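Enquirer: File coords-v6.txt below, compact mmCIF, C-alpha atoms and all ligand atoms:
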```txt
# COMPACT_ATOMS: atom_id res chain seq x y z
CA MET A 1 1.76 32.58 -20.90
CA THR A 2 2.61 33.49 -17.32
CA VAL A 3 -0.28 34.25 -14.94
CA ARG A 4 0.53 36.98 -12.39
CA CYS A 5 -1.09 37.60 -9.02
CA ASP A 6 -0.27 39.14 -5.63
CA PHE A 7 -0.37 35.94 -3.56
CA LEU A 8 0.24 32.38 -4.73
CA VAL A 9 -0.87 29.76 -2.23
CA ILE A 10 0.50 26.22 -2.57
CA GLY A 11 -1.98 23.65 -1.25
CA GLY A 12 -5.78 23.83 -1.18
CA GLY A 13 -6.49 22.04 2.13
CA ILE A 14 -8.01 23.96 5.03
CA ALA A 15 -4.78 25.95 5.52
CA GLY A 16 -4.43 27.12 1.93
CA ALA A 17 -8.16 27.70 1.46
CA SER A 18 -8.52 29.78 4.64
CA ALA A 19 -5.35 31.79 3.99
CA GLY A 20 -6.45 32.39 0.38
CA TYR A 21 -9.83 33.60 1.66
CA ALA A 22 -8.20 36.06 4.09
CA LEU A 23 -5.60 37.28 1.57
CA ALA A 24 -8.20 37.81 -1.16
CA GLU A 25 -9.38 40.87 0.79
CA HIS A 26 -5.99 42.46 0.11
CA GLY A 27 -5.07 41.45 -3.44
CA SER A 28 -5.32 38.82 -6.15
CA VAL A 29 -4.95 35.21 -4.98
CA ILE A 30 -4.35 31.94 -6.81
CA VAL A 31 -4.42 28.65 -4.87
CA LEU A 32 -2.58 25.79 -6.60
CA GLU A 33 -3.67 22.30 -5.51
CA ARG A 34 -2.07 19.10 -6.78
CA GLU A 35 -5.14 16.87 -6.42
CA ASP A 36 -8.45 17.15 -8.26
CA GLN A 37 -10.22 17.77 -4.91
CA PRO A 38 -8.71 20.31 -2.49
CA GLY A 39 -9.75 18.35 0.63
CA TYR A 40 -8.31 15.03 -0.51
CA HIS A 41 -5.53 14.76 2.10
CA SER A 42 -5.59 15.61 5.85
CA THR A 43 -8.46 18.08 5.63
CA GLY A 44 -10.91 15.44 4.41
CA ARG A 45 -9.74 12.85 6.94
CA SER A 46 -10.11 14.50 10.34
CA ALA A 47 -12.23 13.63 13.38
CA ALA A 48 -13.89 17.04 13.08
CA GLN A 49 -13.76 17.94 16.77
CA PHE A 50 -13.38 21.43 18.22
CA THR A 51 -11.92 21.61 21.71
CA GLU A 52 -10.21 24.44 23.55
CA LEU A 53 -8.23 21.93 25.62
CA TYR A 54 -6.01 20.42 22.95
CA GLY A 55 -2.32 21.06 22.39
CA ASN A 56 -0.07 23.64 24.04
CA HIS A 57 -0.91 27.22 25.06
CA VAL A 58 -0.35 28.59 21.54
CA ILE A 59 -2.66 26.02 19.97
CA ARG A 60 -5.34 26.50 22.60
CA SER A 61 -5.17 30.27 22.08
CA LEU A 62 -5.52 29.85 18.32
CA ALA A 63 -8.60 27.65 18.86
CA ARG A 64 -10.02 30.28 21.17
CA ILE A 65 -9.43 33.08 18.64
CA SER A 66 -11.07 30.92 15.95
CA LYS A 67 -14.20 30.15 17.95
CA PRO A 68 -16.26 33.32 17.19
CA PHE A 69 -15.72 32.82 13.44
CA LEU A 70 -16.70 29.14 13.66
CA GLU A 71 -19.77 30.01 15.75
CA ASN A 72 -20.86 32.94 13.61
CA PRO A 73 -19.25 32.91 10.18
CA PRO A 74 -19.92 35.91 7.93
CA GLU A 75 -23.30 36.15 6.19
CA GLY A 76 -23.44 33.82 3.18
CA PHE A 77 -20.27 31.89 4.15
CA THR A 78 -22.14 28.60 4.49
CA ASP A 79 -25.71 27.28 4.45
CA SER A 80 -25.23 25.02 7.46
CA LYS A 81 -23.91 25.52 10.97
CA ILE A 82 -20.19 24.77 11.35
CA LEU A 83 -20.31 23.91 15.07
CA THR A 84 -22.87 21.61 16.66
CA PRO A 85 -22.93 20.58 20.34
CA ARG A 86 -21.05 17.39 21.21
CA GLY A 87 -18.92 17.81 24.34
CA ALA A 88 -15.68 16.02 25.16
CA LEU A 89 -15.18 13.63 28.05
CA PHE A 90 -11.61 12.97 29.18
CA ILE A 91 -11.20 9.65 31.00
CA ALA A 92 -8.53 8.97 33.62
CA THR A 93 -7.47 5.94 35.63
CA GLU A 94 -6.24 6.30 39.22
CA ALA A 95 -2.68 6.59 37.85
CA GLN A 96 -3.72 9.36 35.44
CA GLN A 97 -5.23 11.53 38.17
CA PRO A 98 -2.29 14.02 38.22
CA GLN A 99 -2.72 14.66 34.48
CA LEU A 100 -6.45 15.14 34.97
CA ARG A 101 -5.85 17.61 37.81
CA ALA A 102 -3.30 19.56 35.78
CA PHE A 103 -5.71 19.59 32.88
CA ALA A 104 -8.54 20.91 35.06
CA GLU A 105 -6.22 23.61 36.41
CA PHE A 106 -5.19 25.00 33.05
CA ALA A 107 -8.81 24.84 31.89
CA ALA A 108 -9.66 27.06 34.89
CA GLU A 109 -6.74 29.41 34.15
CA GLU A 110 -7.89 29.79 30.54
CA ALA A 111 -11.57 30.08 31.52
CA VAL A 112 -12.61 26.98 29.57
CA PRO A 113 -15.65 25.54 31.38
CA VAL A 114 -15.06 21.97 32.59
CA ARG A 115 -16.60 19.77 35.26
CA GLU A 116 -15.00 16.82 37.01
CA LEU A 117 -17.29 13.78 36.91
CA SER A 118 -17.46 10.81 39.26
CA ARG A 119 -17.34 7.30 37.87
CA ASP A 120 -21.14 7.06 38.17
CA GLU A 121 -21.68 10.32 36.35
CA VAL A 122 -19.41 9.16 33.52
CA CYS A 123 -21.38 5.91 33.24
CA ASP A 124 -24.67 7.84 33.21
CA MET A 125 -23.39 9.96 30.34
CA VAL A 126 -21.86 7.06 28.38
CA PRO A 127 -23.44 3.83 29.69
CA VAL A 128 -21.03 1.54 27.80
CA MET A 129 -18.04 2.67 29.92
CA ARG A 130 -16.68 -0.16 32.10
CA PRO A 131 -16.72 1.17 35.71
CA ASP A 132 -13.72 -0.97 36.68
CA ALA A 133 -11.55 0.35 33.82
CA PHE A 134 -11.24 4.00 34.92
CA ARG A 135 -11.64 6.23 37.95
CA PHE A 136 -12.33 9.85 36.89
CA GLY A 137 -13.86 11.92 34.12
CA LEU A 138 -13.56 15.55 33.06
CA HIS A 139 -16.29 16.99 30.86
CA GLU A 140 -15.75 19.92 28.49
CA PRO A 141 -19.34 20.75 27.54
CA GLU A 142 -18.48 23.44 24.98
CA SER A 143 -16.38 21.14 22.79
CA THR A 144 -18.27 20.63 19.52
CA ASP A 145 -18.42 18.75 16.26
CA MET A 146 -17.25 20.74 13.25
CA ASP A 147 -18.72 20.50 9.77
CA VAL A 148 -15.33 20.46 8.01
CA HIS A 149 -16.88 20.23 4.56
CA ALA A 150 -18.96 23.36 5.19
CA LEU A 151 -15.96 25.25 6.63
CA HIS A 152 -13.55 24.29 3.86
CA GLY A 153 -16.22 24.84 1.20
CA GLY A 154 -17.05 28.24 2.72
CA PHE A 155 -13.41 29.35 2.52
CA LEU A 156 -13.09 28.16 -1.09
CA ARG A 157 -16.36 29.77 -2.18
CA GLY A 158 -15.58 32.99 -0.30
CA LEU A 159 -12.15 33.26 -1.88
CA ARG A 160 -13.68 32.88 -5.35
CA GLU A 161 -16.32 35.50 -4.52
CA ARG A 162 -13.48 37.84 -3.55
CA GLY A 163 -11.97 37.33 -7.01
CA GLY A 164 -9.50 34.56 -6.14
CA GLN A 165 -8.95 31.36 -8.11
CA VAL A 166 -8.43 27.74 -7.10
CA VAL A 167 -6.59 25.65 -9.68
CA THR A 168 -6.76 21.88 -9.12
CA ASP A 169 -4.56 19.21 -10.76
CA ALA A 170 -1.82 21.82 -10.38
CA GLU A 171 1.20 20.28 -8.67
CA VAL A 172 3.93 22.86 -8.14
CA SER A 173 7.15 21.31 -9.44
CA ILE A 174 9.51 24.29 -9.92
CA LEU A 175 9.86 27.34 -7.68
CA SER A 176 12.47 30.04 -8.14
CA ARG A 177 12.95 33.64 -7.13
CA ASP A 178 13.46 36.08 -10.05
CA ALA A 179 14.34 39.61 -8.91
CA ASP A 180 11.35 40.63 -6.79
CA ARG A 181 8.97 37.75 -7.49
CA TRP A 182 8.58 34.00 -7.32
CA ALA A 183 8.25 32.07 -10.57
CA VAL A 184 6.23 28.90 -10.13
CA THR A 185 5.69 26.15 -12.65
CA THR A 186 3.23 23.28 -12.27
CA ARG A 187 3.77 19.75 -13.53
CA ASP A 188 1.62 20.43 -16.62
CA GLY A 189 3.84 23.37 -17.57
CA ALA A 190 1.59 26.26 -16.48
CA ALA A 191 3.57 29.27 -15.22
CA TYR A 192 2.69 31.73 -12.43
CA GLN A 193 4.44 34.68 -10.82
CA ALA A 194 3.81 36.46 -7.54
CA PRO A 195 5.89 38.49 -5.09
CA ILE A 196 4.61 36.31 -2.23
CA VAL A 197 4.24 32.53 -2.06
CA VAL A 198 2.37 30.90 0.84
CA ASN A 199 3.56 27.38 1.58
CA ALA A 200 0.40 25.57 2.77
CA ALA A 201 1.39 22.17 1.42
CA GLY A 202 0.61 20.20 4.60
CA ALA A 203 2.79 17.10 4.92
CA TRP A 204 4.74 18.24 1.83
CA ALA A 205 5.60 21.73 3.14
CA ASP A 206 9.28 20.92 3.83
CA MET A 207 9.57 19.44 0.33
CA VAL A 208 8.08 22.59 -1.20
CA ALA A 209 10.59 24.67 0.78
CA GLU A 210 13.51 22.58 -0.47
CA MET A 211 12.21 22.97 -4.03
CA ALA A 212 12.39 26.74 -3.49
CA GLY A 213 15.90 26.59 -2.01
CA VAL A 214 14.49 27.51 1.43
CA ARG A 215 15.74 25.76 4.57
CA PRO A 216 13.17 23.15 5.77
CA VAL A 217 11.90 23.52 9.34
CA GLY A 218 11.96 19.80 10.21
CA LEU A 219 8.30 18.86 9.87
CA VAL A 220 7.32 15.27 10.67
CA PRO A 221 4.10 13.87 9.16
CA LYS A 222 2.51 11.28 11.45
CA ARG A 223 -0.09 8.73 10.44
CA ARG A 224 -3.35 8.62 12.39
CA THR A 225 -5.95 5.95 11.70
CA ALA A 226 -9.69 5.96 12.25
CA MET A 227 -12.59 3.58 11.70
CA LEU A 228 -16.39 3.69 11.66
CA PHE A 229 -18.42 0.93 13.28
CA ASP A 230 -21.98 0.30 14.41
CA PRO A 231 -23.04 1.47 17.88
CA PRO A 232 -24.99 -0.97 20.09
CA ALA A 233 -28.60 -1.08 18.91
CA ASP A 234 -29.98 -0.63 22.45
CA GLN A 235 -28.14 2.65 23.15
CA ASN A 236 -28.92 6.24 22.22
CA SER A 237 -25.28 6.79 21.28
CA GLY A 238 -25.95 9.86 19.12
CA ASN A 239 -25.90 12.04 22.27
CA TRP A 240 -22.59 10.78 23.64
CA PRO A 241 -19.65 13.18 23.78
CA LEU A 242 -16.26 12.48 22.27
CA VAL A 243 -14.77 10.08 24.86
CA ILE A 244 -10.99 10.26 25.01
CA ASP A 245 -8.24 8.79 27.16
CA MET A 246 -6.42 11.38 29.29
CA ASP A 247 -3.11 10.45 27.60
CA GLU A 248 -4.72 10.20 24.15
CA GLN A 249 -4.32 6.44 23.75
CA TRP A 250 -7.78 5.92 22.25
CA TYR A 251 -10.97 7.83 21.54
CA PHE A 252 -14.43 7.34 20.11
CA LYS A 253 -17.29 9.64 19.20
CA PRO A 254 -20.65 9.45 17.44
CA ASP A 255 -20.48 10.20 13.74
CA ALA A 256 -23.60 10.23 11.52
CA GLY A 257 -25.29 7.23 13.16
CA LYS A 258 -22.00 5.31 13.60
CA LEU A 259 -19.13 5.44 16.06
CA LEU A 260 -15.77 6.78 14.96
CA GLY A 261 -12.88 5.16 16.86
CA SER A 262 -9.12 5.50 16.87
CA SER A 263 -6.07 4.29 18.76
CA ALA A 264 -4.72 7.84 18.36
CA ASP A 265 -1.67 6.42 16.57
CA GLU A 266 1.14 8.84 15.67
CA THR A 267 3.53 6.95 13.42
CA PRO A 268 6.13 9.09 11.62
CA ILE A 269 5.94 8.50 7.86
CA GLU A 270 7.07 10.10 4.60
CA PRO A 271 4.44 12.35 2.99
CA CYS A 272 2.11 10.19 0.88
CA ASP A 273 -1.50 9.22 0.24
CA VAL A 274 -1.45 7.37 3.54
CA GLN A 275 -3.54 4.22 4.03
CA PRO A 276 -4.52 2.43 7.27
CA GLU A 277 -2.50 -0.47 8.69
CA GLU A 278 -4.37 -3.51 10.07
CA LEU A 279 -2.34 -3.35 13.28
CA ASP A 280 -3.51 0.19 14.11
CA ILE A 281 -7.12 -0.88 13.57
CA ALA A 282 -6.61 -3.93 15.81
CA ILE A 283 -5.05 -1.78 18.55
CA ALA A 284 -7.97 0.67 18.37
CA VAL A 285 -10.49 -2.17 18.67
CA ASP A 286 -8.62 -3.70 21.60
CA ARG A 287 -8.24 -0.43 23.56
CA ILE A 288 -11.86 0.63 23.04
CA GLU A 289 -13.20 -2.84 23.96
CA ARG A 290 -11.07 -2.89 27.16
CA MET A 291 -12.54 0.42 28.32
CA THR A 292 -16.15 -0.21 27.32
CA SER A 293 -18.71 -2.92 26.72
CA LEU A 294 -18.67 -1.99 23.02
CA LYS A 295 -18.12 -4.84 20.58
CA VAL A 296 -16.54 -3.60 17.38
CA GLY A 297 -18.06 -5.90 14.77
CA ARG A 298 -18.04 -5.01 11.11
CA ILE A 299 -15.92 -1.96 10.31
CA ASP A 300 -17.77 0.11 7.71
CA HIS A 301 -14.94 2.38 6.79
CA ARG A 302 -11.31 2.82 7.79
CA TRP A 303 -8.89 5.53 6.82
CA SER A 304 -5.65 7.26 7.76
CA GLY A 305 -4.50 10.82 7.46
CA LEU A 306 -1.30 12.74 8.14
CA ARG A 307 -0.95 15.06 11.12
CA THR A 308 2.20 17.08 10.47
CA PHE A 309 4.16 18.50 13.39
CA ALA A 310 7.12 20.77 14.02
CA LYS A 311 9.35 19.52 16.84
CA ASP A 312 7.63 21.76 19.44
CA LYS A 313 4.16 20.74 18.22
CA THR A 314 3.39 24.39 17.48
CA VAL A 315 2.26 25.73 14.10
CA VAL A 316 4.71 27.43 11.72
CA VAL A 317 3.38 30.77 10.48
CA GLY A 318 5.63 33.53 9.17
CA PHE A 319 8.12 34.60 6.52
CA ALA A 320 11.14 32.38 5.97
CA PRO A 321 14.19 34.23 7.33
CA ASP A 322 16.30 33.01 4.41
CA ALA A 323 14.10 33.86 1.38
CA ALA A 324 12.19 37.03 0.57
CA GLY A 325 8.46 36.57 0.00
CA PHE A 326 8.33 32.91 1.09
CA PHE A 327 5.68 32.51 3.79
CA TRP A 328 5.27 29.37 5.91
CA LEU A 329 1.79 28.14 6.91
CA ALA A 330 2.48 24.62 8.12
CA GLY A 331 2.73 22.23 11.08
CA GLN A 332 -1.04 22.17 11.78
CA GLY A 333 -0.73 18.77 13.48
CA GLY A 334 -4.00 17.51 14.91
CA TYR A 335 -5.61 20.95 15.19
CA GLY A 336 -5.49 22.47 11.70
CA ILE A 337 -9.25 22.60 11.24
CA GLU A 338 -10.17 24.18 14.56
CA THR A 339 -7.38 26.77 14.34
CA SER A 340 -7.83 27.65 10.65
CA PRO A 341 -9.71 30.96 11.07
CA ALA A 342 -7.02 32.29 13.44
CA MET A 343 -4.17 30.99 11.29
CA ALA A 344 -5.68 32.61 8.20
CA THR A 345 -6.07 35.94 10.02
CA ALA A 346 -2.49 35.68 11.29
CA THR A 347 -1.23 34.95 7.78
CA ALA A 348 -2.97 37.94 6.18
CA SER A 349 -2.00 40.24 9.03
CA LEU A 350 1.69 39.25 9.05
CA ILE A 351 1.91 39.54 5.26
CA VAL A 352 -0.04 42.77 4.86
CA ASP A 353 0.69 44.66 8.13
CA GLY A 354 3.84 42.89 9.33
CA LYS A 355 2.24 42.14 12.72
CA LEU A 356 -0.36 39.99 14.44
CA PRO A 357 -3.80 41.42 15.27
CA ASP A 358 -4.29 42.78 18.82
CA SER A 359 -6.53 39.82 19.71
CA PHE A 360 -3.43 37.60 19.55
CA ALA A 361 -1.38 39.81 21.86
CA GLU A 362 -4.27 39.87 24.33
CA LEU A 363 -3.83 36.10 24.72
CA GLY A 364 -0.08 36.50 25.05
CA LEU A 365 0.80 35.37 21.51
CA SER A 366 3.64 37.05 19.66
CA PRO A 367 4.90 36.47 16.10
CA ALA A 368 8.01 34.76 17.53
CA ASP A 369 5.84 31.99 19.06
CA ILE A 370 4.83 30.76 15.63
CA ALA A 371 7.65 32.03 13.37
CA PRO A 372 9.80 29.52 11.42
CA ASP A 373 12.97 31.13 12.85
CA ARG A 374 12.49 29.34 16.19
CA LEU A 375 13.02 26.00 14.44
CA LEU A 376 16.10 26.92 12.45
CA GLY A 377 18.52 27.30 15.37
C1 LIG B 1 -7.42 11.15 11.78
C2 LIG B 1 -7.26 12.63 11.94
C3 LIG B 1 -8.05 13.30 12.86
C4 LIG B 1 -7.96 14.69 12.98
N1 LIG B 1 -8.84 15.31 13.81
C5 LIG B 1 -8.83 16.67 13.89
C6 LIG B 1 -9.78 17.34 14.69
O1 LIG B 1 -10.65 16.71 15.31
N2 LIG B 1 -9.75 18.71 14.73
C7 LIG B 1 -8.81 19.43 14.03
O2 LIG B 1 -8.83 20.66 14.11
N3 LIG B 1 -7.89 18.81 13.26
C8 LIG B 1 -7.89 17.45 13.17
N4 LIG B 1 -6.96 16.81 12.40
C9 LIG B 1 -5.88 17.60 11.78
C10 LIG B 1 -6.31 18.31 10.52
O3 LIG B 1 -6.97 17.41 9.66
C11 LIG B 1 -5.06 18.89 9.83
O4 LIG B 1 -4.32 19.67 10.75
C12 LIG B 1 -5.42 19.80 8.67
O5 LIG B 1 -6.31 19.16 7.79
C13 LIG B 1 -4.17 20.21 7.90
O6 LIG B 1 -4.59 20.99 6.81
P1 LIG B 1 -3.58 21.37 5.65
O7 LIG B 1 -4.32 22.24 4.71
O8 LIG B 1 -2.31 21.87 6.25
O9 LIG B 1 -3.19 19.96 4.97
P2 LIG B 1 -3.87 19.15 3.76
O10 LIG B 1 -5.33 19.06 3.93
O11 LIG B 1 -3.12 17.88 3.65
O12 LIG B 1 -3.61 20.07 2.53
C14 LIG B 1 -2.31 20.24 1.95
C15 LIG B 1 -2.51 20.21 0.46
O13 LIG B 1 -1.30 20.58 -0.21
C16 LIG B 1 -1.31 19.90 -1.44
N5 LIG B 1 0.06 19.90 -1.99
C17 LIG B 1 1.16 19.30 -1.46
N6 LIG B 1 2.23 19.52 -2.26
C18 LIG B 1 1.80 20.25 -3.30
C19 LIG B 1 2.44 20.79 -4.47
N7 LIG B 1 3.75 20.58 -4.72
N8 LIG B 1 1.69 21.52 -5.33
C20 LIG B 1 0.36 21.74 -5.11
N9 LIG B 1 -0.30 21.25 -4.01
C21 LIG B 1 0.42 20.52 -3.12
C22 LIG B 1 -1.81 18.52 -1.11
O14 LIG B 1 -2.31 17.84 -2.24
C23 LIG B 1 -2.88 18.83 -0.06
O15 LIG B 1 -4.19 18.86 -0.61
C24 LIG B 1 -7.02 15.42 12.22
C25 LIG B 1 -6.21 14.75 11.30
C26 LIG B 1 -6.34 13.37 11.16
C27 LIG B 1 -5.48 12.68 10.13
```
Let me see the file written as structure tokens.
Ligand SMILES: Cc1cc2nc3c(=O)[nH]c(=O)nc-3n(C[C@H](O)[C@H](O)[C@H](O)COP(=O)(O)OP(=O)(O)OC[C@H]3O[C@@H](n4cnc5c(N)ncnc54)[C@H](O)[C@@H]3O)c2cc1C
Expert:
Amino acid sequence: MTVRCDFLVIGGGIAGASAGYALAEHGSVIVLEREDQPGYHSTGRSAAQFTELYGNHVIRSLARISKPFLENPPEGFTDSKILTPRGALFIATEAQQPQLRAFAEFAAEEAVPVRELSRDEVCDMVPVMRPDAFRFGLHEPESTDMDVHALHGGFLRGLRERGGQVVTDAEVSILSRDADRWAVTTRDGAAYQAPIVVNAAGAWADMVAEMAGVRPVGLVPKRRTAMLFDPPADQNSGNWPLVIDMDEQWYFKPDAGKLLGSSADETPIEPCDVQPEELDIAIAVDRIERMTSLKVGRIDHRWSGLRTFAKDKTVVVGFAPDAAGFFWLAGQGGYGIETSPAMATATASLIVDGKLPDSFAELGLSPADIAPDRLLG
């Protein structure tokens, strides 16, 4: 028996769940997810930070558009707050001062509140910083922690409440276009049809496109590794901001009574259930210990996830130019959680109305900035 719907979404991570939620206002939605838990891959492995100072102008604008939803989600969306105060503190050496200045300038241009901090002020805020290891700090007070579980769960629950379905253990293995609709078969033989397919398959999005006979856009999944370790017993580390190197060579932040640290590795790798490499952990420990008086003893937990980028590090949202009804929602890189409300709105708006909402144009974003066409030459 073939199940029919208006929109078939491939992938149940934050991208597929949020797009499914937005599309369910306009028609019937089925999300097909290969794993038994929709957040198993990148979505369940993030550092859960919201910052308006990450990525290029398009990404920063998408974060900005997402902020009101994350601050005030619709009634009943979630029982807990999605954003909680954290702050982000960018650290620069003397040599990194030009980057810090440029950073402060575009923060001012985009009206993101920041404050430059002296070495002493940095050490007051995060007393484990080694004063001889850096020169300047820049504080973004409105950067926050995100409750990714609550956000993802809210999208999934909301999409079901709107009549949509999420099917797990449903790996799409055949995709073909019959007349005016896509025919999709999962590995267990279940069959679906819909006029529109949304490719939200994360690191596998190019593979899904190839399966459908659609030209891939050249996505590169990159491994990033993180670890949790004990903070020093004599410090009130729970109030520290995310502390991050100006050139993103290392970062650490409080996480549920522990410290989460990373060397901010970006190693290109084939899509897979990626696992951490000892070397990346060792590099993270070394870089964090050089900058601070922290001693990384026992590591409680270590993990890796895939951050998947297009070559311009901008998201890919729009209809494939070479296949009717095939919609790309990919290339979320290291910002897929914080931009998900905007990306979901963009997806529904482009599919249903053929244009982006006015709020995007007000920030200077046009469909061409995010369309797959730009990558296909
Ligand atoms: C260490 C780390 C730190 C990060 N920190 C942040 C952060 O602080 N803030 C932020 O905003 N972002 C952060 N990110 C990035 C963020 O996690 C990702 O951008 C986001 O999760 C991508 O979501 P997704 O839904 O595209 O991918 P995924 O969550 O990977 O979902 C894609 C899904 O598609 C499914 N799938 C693939 N192929 C098929 C198929 N054939 N059939 C059915 N299903 C299929 C997969 O099983 C998977 O569940 C971080 C990422 C990492 C790894």
Enquirer: Enumerate as a VMD selection string the residues within 6 Å of ligand LIG 1 (chain B), counting all atoms listed in the file.
Expert: chain A and resid 10 to 16 32 to 35 38 to 43 45 to 50 170 to 173 200 to 202 204 208 224 to 226 304 to 307 330 332 to 338
Enquirer: Do a neighbour search on A:Leu242 at 9 Å with only C-alpha atoms, toss out local chain neighbours closer than 2 positions, and write the hits as number ranges by chain.
Expert: A: 49, 86-90, 143-145, 240, 244, 251-254
Enquirer: Using all atoms listed in the file, find the one residue out of A:Arg298, A:Val128, A:Thr2, A:Leu100 that sits nearest to A:Glu116.
Expert: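 Answer, going by the shortest atom-to-atom distance: A:Leu100.
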Enquirer: Ranking A:Val114, A:Leu294, A:Ala320, A:Ile351 by minimum distance to A:Leu138 and counting all atoms listed in the file, which one comes first?
Expert: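 Counting all atoms listed in the file, the residue closest to A:Leu138 is A:Val114.
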Enquirer: Report, in Å to a single decimal, how far apart atom CA of A:Leu259 and atom CA of A:Met227 are.
Expert: 8.1 Å
Enquirer: What is the distance between atom CA of A:Gly331 and atom CA of A:Val243, in Å to one decimal?
Expert: 25.4 Å
Enquirer: Just to confirm, what's the straight-line distance from atom CA of A:Met146 to atom CA of A:Thr84 in Å (one decimal)?
Expert: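 Atom CA of A:Thr84 lies 6.6 Å from atom CA of A:Met146.
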Enquirer: Return the single residue from A:Arg287, A:Arg302, A:His139, A:Lys311 that is closest to A:Lys222, with distances computed using all atoms listed in the file.
Expert: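 Comparing A:Arg287, A:Arg302, A:His139, A:Lys311 against A:Lys222, the winner is A:Lys311.
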Enquirer: Tell me which of A:Pro141, A:Gly55, A:Pro271, A:Gly20 sits closest to A:Ala348, counting only C-alpha atoms.
Expert: A:Gly20
Enquirer: Could you make a table, as CSV, of the residues of stretch 9-58 of chain A that have an atom within 10 Å of an atom of stretch 63-73 of chain A, each with its nearest atom pair and distance in Å to one decimal, counting all atoms listed in the file, in chain and number order?
Expert:
```
residue,atom,partner,partner_atom,distance
A:Phe50,CA,A:Ala63,CA,7.9
A:Thr51,CA,A:Ala63,CA,7.5
A:Glu52,CA,A:Ala63,CA,5.9
A:Leu53,CA,A:Ala63,CA,8.9
A:Tyr54,CA,A:Ala63,CA,8.7
A:Gly55,CA,A:Ala63,CA,9.8
A:His57,CA,A:Ala63,CA,9.9
A:Val58,CA,A:Ala63,CA,8.7
```
Enquirer: Just write the chosen residues, C-alpha atoms, as a PDB file, in the frame of the given file.
Expert:
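What follows is the written file selection-v2.pdb:
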```pdb
ATOM      1  CA  PHE A  50     -13.380  21.430  18.220  1.00  0.00           C
ATOM      2  CA  THR A  51     -11.920  21.610  21.710  1.00  0.00           C
ATOM      3  CA  GLU A  52     -10.210  24.440  23.550  1.00  0.00           C
ATOM      4  CA  LEU A  53      -8.230  21.930  25.620  1.00  0.00           C
ATOM      5  CA  TYR A  54      -6.010  20.420  22.950  1.00  0.00           C
ATOM      6  CA  GLY A  55      -2.320  21.060  22.390  1.00  0.00           C
ATOM      7  CA  HIS A  57      -0.910  27.220  25.060  1.00  0.00           C
ATOM      8  CA  VAL A  58      -0.350  28.590  21.540  1.00  0.00           C
TER       9      VAL A  58
END
```
Enquirer: What's around A:Gly163 at 7 Å? Count all atoms listed in the file, leave out sequence neighbours fewer than 4 positions away in its own chain, and write the answer as an mmCIF file with C-alpha atoms, in the frame of the given file.
Expert:
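Done, and the output landed in result.cif:
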```
data_model
loop_
_atom_site.group_PDB
_atom_site.id
_atom_site.type_symbol
_atom_site.label_atom_id
_atom_site.label_comp_id
_atom_site.auth_asym_id
_atom_site.auth_seq_id
_atom_site.Cartn_x
_atom_site.Cartn_y
_atom_site.Cartn_z
ATOM 1 C CA ALA A 24 -8.200 37.810 -1.160
ATOM 2 C CA SER A 28 -5.320 38.820 -6.150
ATOM 3 C CA LEU A 159 -12.150 33.260 -1.880
#
```
Enquirer: As a PDB file with C-alpha atoms, in the frame of the given file, please: the residues near stretch 212-216 of chain A (cut-off 10 Å, all atoms listed in the file, same-chain neighbours under 2 positions excluded).
Expert:
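Wrote it out as part17.pdb, contents follow:
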```pdb
ATOM      1  CA  SER A 173       7.150  21.310  -9.440  1.00  0.00           C
ATOM      2  CA  ILE A 174       9.510  24.290  -9.920  1.00  0.00           C
ATOM      3  CA  LEU A 175       9.860  27.340  -7.680  1.00  0.00           C
ATOM      4  CA  SER A 176      12.470  30.040  -8.140  1.00  0.00           C
ATOM      5  CA  ARG A 177      12.950  33.640  -7.130  1.00  0.00           C
ATOM      6  CA  TRP A 182       8.580  34.000  -7.320  1.00  0.00           C
ATOM      7  CA  ALA A 183       8.250  32.070 -10.570  1.00  0.00           C
ATOM      8  CA  VAL A 184       6.230  28.900 -10.130  1.00  0.00           C
ATOM      9  CA  ALA A 205       5.600  21.730   3.140  1.00  0.00           C
ATOM     10  CA  ASP A 206       9.280  20.920   3.830  1.00  0.00           C
ATOM     11  CA  MET A 207       9.570  19.440   0.330  1.00  0.00           C
ATOM     12  CA  VAL A 208       8.080  22.590  -1.200  1.00  0.00           C
ATOM     13  CA  ALA A 209      10.590  24.670   0.780  1.00  0.00           C
ATOM     14  CA  GLU A 210      13.510  22.580  -0.470  1.00  0.00           C
ATOM     15  CA  GLY A 218      11.960  19.800  10.210  1.00  0.00           C
ATOM     16  CA  LEU A 219       8.300  18.860   9.870  1.00  0.00           C
ATOM     17  CA  ALA A 320      11.140  32.380   5.970  1.00  0.00           C
ATOM     18  CA  PRO A 321      14.190  34.230   7.330  1.00  0.00           C
ATOM     19  CA  ASP A 322      16.300  33.010   4.410  1.00  0.00           C
ATOM     20  CA  ALA A 323      14.100  33.860   1.380  1.00  0.00           C
ATOM     21  CA  ALA A 324      12.190  37.030   0.570  1.00  0.00           C
ATOM     22  CA  PHE A 326       8.330  32.910   1.090  1.00  0.00           C
ATOM     23  CA  PRO A 372       9.800  29.520  11.420  1.00  0.00           C
ATOM     24  CA  LEU A 375      13.020  26.000  14.440  1.00  0.00           C
ATOM     25  CA  LEU A 376      16.100  26.920  12.450  1.00  0.00           C
TER      26      LEU A 376
END
```
Enquirer: Neighbours of A:Pro113 within 8 Å (all atoms listed in the file; same-chain residues fewer than 5 positions away dropped), as a ChimeraX atom specification?
Expert: /A:107-108,140-142
Enquirer: Write to file, as a short mmCIF file (atom, residue, chain, number, x, y, z; two decimals), in the coordinates of the input, the residues of the selection just made, with C-alpha atoms.
Expert:
```
data_model
loop_
_atom_site.label_atom_id
_atom_site.label_comp_id
_atom_site.auth_asym_id
_atom_site.auth_seq_id
_atom_site.Cartn_x
_atom_site.Cartn_y
_atom_site.Cartn_z
CA ALA A 107 -8.81 24.84 31.89
CA ALA A 108 -9.66 27.06 34.89
CA GLU A 140 -15.75 19.92 28.49
CA PRO A 141 -19.34 20.75 27.54
CA GLU A 142 -18.48 23.44 24.98
#
```
